[in-house]
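Report on one structure; see the data block that follows.
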Amino acid sequence: IDRGHGRLLMTAGSLLAVLGFAMWAAVREPWQLYAAWILLGAAMAMVLYEHAFAILTRRYPMRDRQGITTLTLVAGFASTLSFPAFAWLIGALGWRAALWATAALFLLVITPLNAWALKGPATGHAPPADDAVADATLHEALRTRAFWLLTLAFTLDAFVMAGLWAHMIPMFAARGASEAQALAVLVWIGPAQVAGRVLMVTFGQRWPLRHVGTAVLAGLALSMALLAVGTNLAGWLAFAVVYGLSAGTFTIVRGGIVPLYFGRAHIGRIGGAVASVGLVARAAAPVVLAWLLLAVPGYREVLLALALLGAASVVAFLLAGRPQAER
């Protein structure tokens, strides 16, 4: 991305997804499923938010925050629409045919869109020569306190969110909720994410991104506490709304905060380094929480632990200090 090859990366990632879904549709043995998901995991890393944010930041340096906010606003509908859409597709075609249809969607629609939309030079204007943000290299960023504190904050929240989603249904069952009640609560997370992003589109340009980030990370910690103490539908709905508002806006903060600290010239390398640590935490979270569940009385204590980790992420974020662009 830093060398101007974002279009190639995202187009190749879409083609890799075609192969991954096709392999998944044809699996007969467990090892084949693992192989398909290795390809799909690589494809996700090539086409999802982090790389898209880096490309937008480099192509539109004076409007990167607006572009990231708009992208996440539109993409926020994906989590709301994808579950019922694919449930219908599987019901209508069966799971193998549904996967073949997904592979066709990537081949015929998504891959050409990536190849076409990222074609040509950037249309944004370069930042002025006396921009307050000095473009740091990855090596220079790694030597700063802010890099490691931001990475810690984002890693803790990646751990919290991944662990939560992996254990969500059994968590609700342990709280006394039926599967229907759990789904009735979870369906509100997607609209709440969109609502948070609409607020950012409407008012966010007036707010320093660091202040937004602090509020969002605090909201994620609060949502864990609400789920831990909630014993009825009203309490669970409060969790869904607070979590959705915070998680939806956190995506924008994650994409926009790194350029404020380290500039845009090496945003691909620096953003990739930050995201890679978070991906390790995301992969470990479900298993770590399963181990924790063996050592504590139940999910209430697990959720309180997640709330504490969320609070620690707020502290790390604040300790990173103000970025140069907001001084």
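All residue names refer to the structure tokens as shown: chains lettered A, B, ... in order, residues numbered from 1 in each chain, ligands numbered from 1 in order.
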
* Could you give me, as a VMD selection string, the residues within 10 Å of Glu140 (chain A), counting only C-alpha atoms and dropping anything in the same chain fewer than 4 positions from it? => chain A and resid 135 to 136 144 147 262 270

* To do: Name all residues at most 7 Å from Ala36 (chain A) (count only C-alpha atoms; drop same-chain ones fewer than 4 positions away) and give them as a VMD selection string.
  => chain A and resid 20 23 to 24 32 40

Filtering to C-alpha atoms, could you give me those residues as an mmCIF file, in the first residue's frame?
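Below you can see part_23.cif, which holds the result:
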data_model
loop_
_atom_site.group_PDB
_atom_site.id
_atom_site.type_symbol
_atom_site.label_atom_id
_atom_site.label_comp_id
_atom_site.auth_asym_id
_atom_site.auth_seq_id
_atom_site.Cartn_x
_atom_site.Cartn_y
_atom_site.Cartn_z
ATOM 1 C CA GLY A 20 -11.315 -20.069 -0.489
ATOM 2 C CA MET A 23 -12.639 -24.941 -1.598
ATOM 3 C CA TRP A 24 -15.057 -24.639 1.321
ATOM 4 C CA GLN A 32 -9.795 -29.428 3.636
ATOM 5 C CA LEU A 40 -10.141 -17.079 3.610
#

Contact check, region 251-285 of chain A to region 49-58 of chain A, at most 7 Å, counting only C-alpha atoms, closest pairs as CSV:
residue,atom,partner,partner_atom,distance
A:Gly255,CA,A:Phe53,CA,5.6
A:Arg264,CA,A:Arg58,CA,6.2
A:Ile267,CA,A:Ala54,CA,5.9
A:Gly268,CA,A:Ala54,CA,5.6

* Might you pull out every residue within 12 Å of Ala177 (chain A), with only C-alpha atoms counted and same-chain residues fewer than 2 positions away left off, and present them as a PyMOL selection string? => chain A and resi 168-175+179-186+227+230-236

Writing out the chosen residues with N, CA and C atoms as a PDB file, in the first residue's frame:
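Output file result-v7.pdb is given in full below:
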ATOM      1  N   MET A 168     -20.741 -15.562  22.941  1.00  0.00           N
ATOM      2  CA  MET A 168     -21.951 -14.770  23.127  1.00  0.00           C
ATOM      3  C   MET A 168     -23.173 -15.625  23.470  1.00  0.00           C
ATOM      4  N   ILE A 169     -23.473 -16.644  22.678  1.00  0.00           N
ATOM      5  CA  ILE A 169     -24.682 -17.424  22.901  1.00  0.00           C
ATOM      6  C   ILE A 169     -24.627 -18.180  24.231  1.00  0.00           C
ATOM      7  N   PRO A 170     -23.530 -18.886  24.557  1.00  0.00           N
ATOM      8  CA  PRO A 170     -23.492 -19.519  25.886  1.00  0.00           C
ATOM      9  C   PRO A 170     -23.511 -18.513  27.032  1.00  0.00           C
ATOM     10  N   MET A 171     -22.967 -17.296  26.808  1.00  0.00           N
ATOM     11  CA  MET A 171     -23.054 -16.266  27.837  1.00  0.00           C
ATOM     12  C   MET A 171     -24.506 -15.921  28.135  1.00  0.00           C
ATOM     13  N   PHE A 172     -25.290 -15.735  27.079  1.00  0.00           N
ATOM     14  CA  PHE A 172     -26.702 -15.406  27.280  1.00  0.00           C
ATOM     15  C   PHE A 172     -27.438 -16.580  27.916  1.00  0.00           C
ATOM     16  N   ALA A 173     -27.109 -17.787  27.512  1.00  0.00           N
ATOM     17  CA  ALA A 173     -27.750 -18.954  28.121  1.00  0.00           C
ATOM     18  C   ALA A 173     -27.447 -19.016  29.617  1.00  0.00           C
ATOM     19  N   ALA A 174     -26.196 -18.709  29.983  1.00  0.00           N
ATOM     20  CA  ALA A 174     -25.825 -18.706  31.391  1.00  0.00           C
ATOM     21  C   ALA A 174     -26.524 -17.605  32.173  1.00  0.00           C
ATOM     22  N   ARG A 175     -26.908 -16.522  31.482  1.00  0.00           N
ATOM     23  CA  ARG A 175     -27.636 -15.437  32.140  1.00  0.00           C
ATOM     24  C   ARG A 175     -29.133 -15.719  32.210  1.00  0.00           C
ATOM     25  N   GLU A 179     -32.441 -18.831  23.415  1.00  0.00           N
ATOM     26  CA  GLU A 179     -31.768 -18.484  22.163  1.00  0.00           C
ATOM     27  C   GLU A 179     -32.543 -17.410  21.410  1.00  0.00           C
ATOM     28  N   ALA A 180     -33.866 -17.476  21.453  1.00  0.00           N
ATOM     29  CA  ALA A 180     -34.680 -16.446  20.795  1.00  0.00           C
ATOM     30  C   ALA A 180     -34.475 -15.083  21.431  1.00  0.00           C
ATOM     31  N   GLN A 181     -34.405 -15.043  22.765  1.00  0.00           N
ATOM     32  CA  GLN A 181     -34.156 -13.771  23.447  1.00  0.00           C
ATOM     33  C   GLN A 181     -32.767 -13.237  23.107  1.00  0.00           C
ATOM     34  N   ALA A 182     -31.775 -14.122  23.062  1.00  0.00           N
ATOM     35  CA  ALA A 182     -30.413 -13.689  22.734  1.00  0.00           C
ATOM     36  C   ALA A 182     -30.360 -13.076  21.342  1.00  0.00           C
ATOM     37  N   LEU A 183     -30.993 -13.713  20.379  1.00  0.00           N
ATOM     38  CA  LEU A 183     -30.997 -13.178  19.016  1.00  0.00           C
ATOM     39  C   LEU A 183     -31.774 -11.867  18.942  1.00  0.00           C
ATOM     40  N   ALA A 184     -32.859 -11.768  19.732  1.00  0.00           N
ATOM     41  CA  ALA A 184     -33.628 -10.526  19.759  1.00  0.00           C
ATOM     42  C   ALA A 184     -32.805  -9.366  20.302  1.00  0.00           C
ATOM     43  N   VAL A 185     -31.869  -9.668  21.195  1.00  0.00           N
ATOM     44  CA  VAL A 185     -30.967  -8.637  21.721  1.00  0.00           C
ATOM     45  C   VAL A 185     -29.868  -8.323  20.721  1.00  0.00           C
ATOM     46  N   LEU A 186     -29.236  -9.369  20.172  1.00  0.00           N
ATOM     47  CA  LEU A 186     -28.080  -9.177  19.297  1.00  0.00           C
ATOM     48  C   LEU A 186     -28.438  -8.457  18.005  1.00  0.00           C
ATOM     49  N   LEU A 227     -23.598  -6.170  30.593  1.00  0.00           N
ATOM     50  CA  LEU A 227     -23.961  -7.558  30.315  1.00  0.00           C
ATOM     51  C   LEU A 227     -23.690  -8.438  31.532  1.00  0.00           C
ATOM     52  N   GLY A 230     -26.585  -7.498  34.034  1.00  0.00           N
ATOM     53  CA  GLY A 230     -27.943  -7.533  33.500  1.00  0.00           C
ATOM     54  C   GLY A 230     -28.609  -8.875  33.752  1.00  0.00           C
ATOM     55  N   THR A 231     -29.856  -8.830  34.192  1.00  0.00           N
ATOM     56  CA  THR A 231     -30.592 -10.067  34.494  1.00  0.00           C
ATOM     57  C   THR A 231     -31.921 -10.145  33.753  1.00  0.00           C
ATOM     58  N   ASN A 232     -32.211  -9.139  32.922  1.00  0.00           N
ATOM     59  CA  ASN A 232     -33.489  -9.151  32.199  1.00  0.00           C
ATOM     60  C   ASN A 232     -33.296  -8.537  30.824  1.00  0.00           C
ATOM     61  N   LEU A 233     -34.363  -8.547  30.044  1.00  0.00           N
ATOM     62  CA  LEU A 233     -34.278  -8.096  28.667  1.00  0.00           C
ATOM     63  C   LEU A 233     -33.879  -6.630  28.565  1.00  0.00           C
ATOM     64  N   ALA A 234     -34.367  -5.796  29.465  1.00  0.00           N
ATOM     65  CA  ALA A 234     -34.028  -4.374  29.424  1.00  0.00           C
ATOM     66  C   ALA A 234     -32.527  -4.166  29.612  1.00  0.00           C
ATOM     67  N   GLY A 235     -31.945  -4.861  30.577  1.00  0.00           N
ATOM     68  CA  GLY A 235     -30.509  -4.739  30.801  1.00  0.00           C
ATOM     69  C   GLY A 235     -29.688  -5.235  29.636  1.00  0.00           C
ATOM     70  N   TRP A 236     -30.157  -6.327  29.014  1.00  0.00           N
ATOM     71  CA  TRP A 236     -29.424  -6.872  27.864  1.00  0.00           C
ATOM     72  C   TRP A 236     -29.528  -5.939  26.653  1.00  0.00           C
TER      73      TRP A 236
END

* Exercise: Trp100 (chain A) partners within 12 Å, only C-alpha atoms, chain neighbours under 2 positions left out, as a VMD selection string -> chain A and resid 17 to 27 89 to 90 93 to 98 102 to 107

* Quick one: of A:Leu150, A:Leu222, A:Ala283, A:Ala115, who's nearest to Leu8 (chain A), counting only C-alpha atoms? -> A:Ala115

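Distances here use only C-alpha atoms; by that measure, the residue among A:Phe77, A:Val212, A:Gln205, A:Gly41 closest to Arg63 (chain A) is A:Gln205.
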
* List the neighbours of Gly278 (chain A) out to 7 Å using only C-alpha atoms; skip same-chain residues closer than 5 positions along the sequence, and give me the result as a ChimeraX atom specification. => /A:154-155,158

* Can you work out the spacing between CA of Met200 (chain A) and CA of Thr249 (chain A) in Å, to one decimal? =>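 If I compute the distance from CA of Met200 (chain A) to CA of Thr249 (chain A), I get 7.3 Å.
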
* **Nearest-residue call for Leu292 (chain A), choices A:Thr137, A:Trp188, A:Ala43, A:Ala305, using only C-alpha atoms** => A:Ala305

* DSSP on the backbone, then: every residue of region 26-263 of chain A marked helix (DSSP H, G or I), written as a ChimeraX atom specification. => /A:30-47,49-59,64-93,95-117,138-142,145-166,168-174,179-186,189-206,209-229,233-262

* To do: To one decimal in Å, tell me the separation between CA of Arg197 (chain A) and CA of Gly163 (chain A).
  =>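 CA of Gly163 (chain A) lies at a distance of 23.3 Å from CA of Arg197 (chain A).
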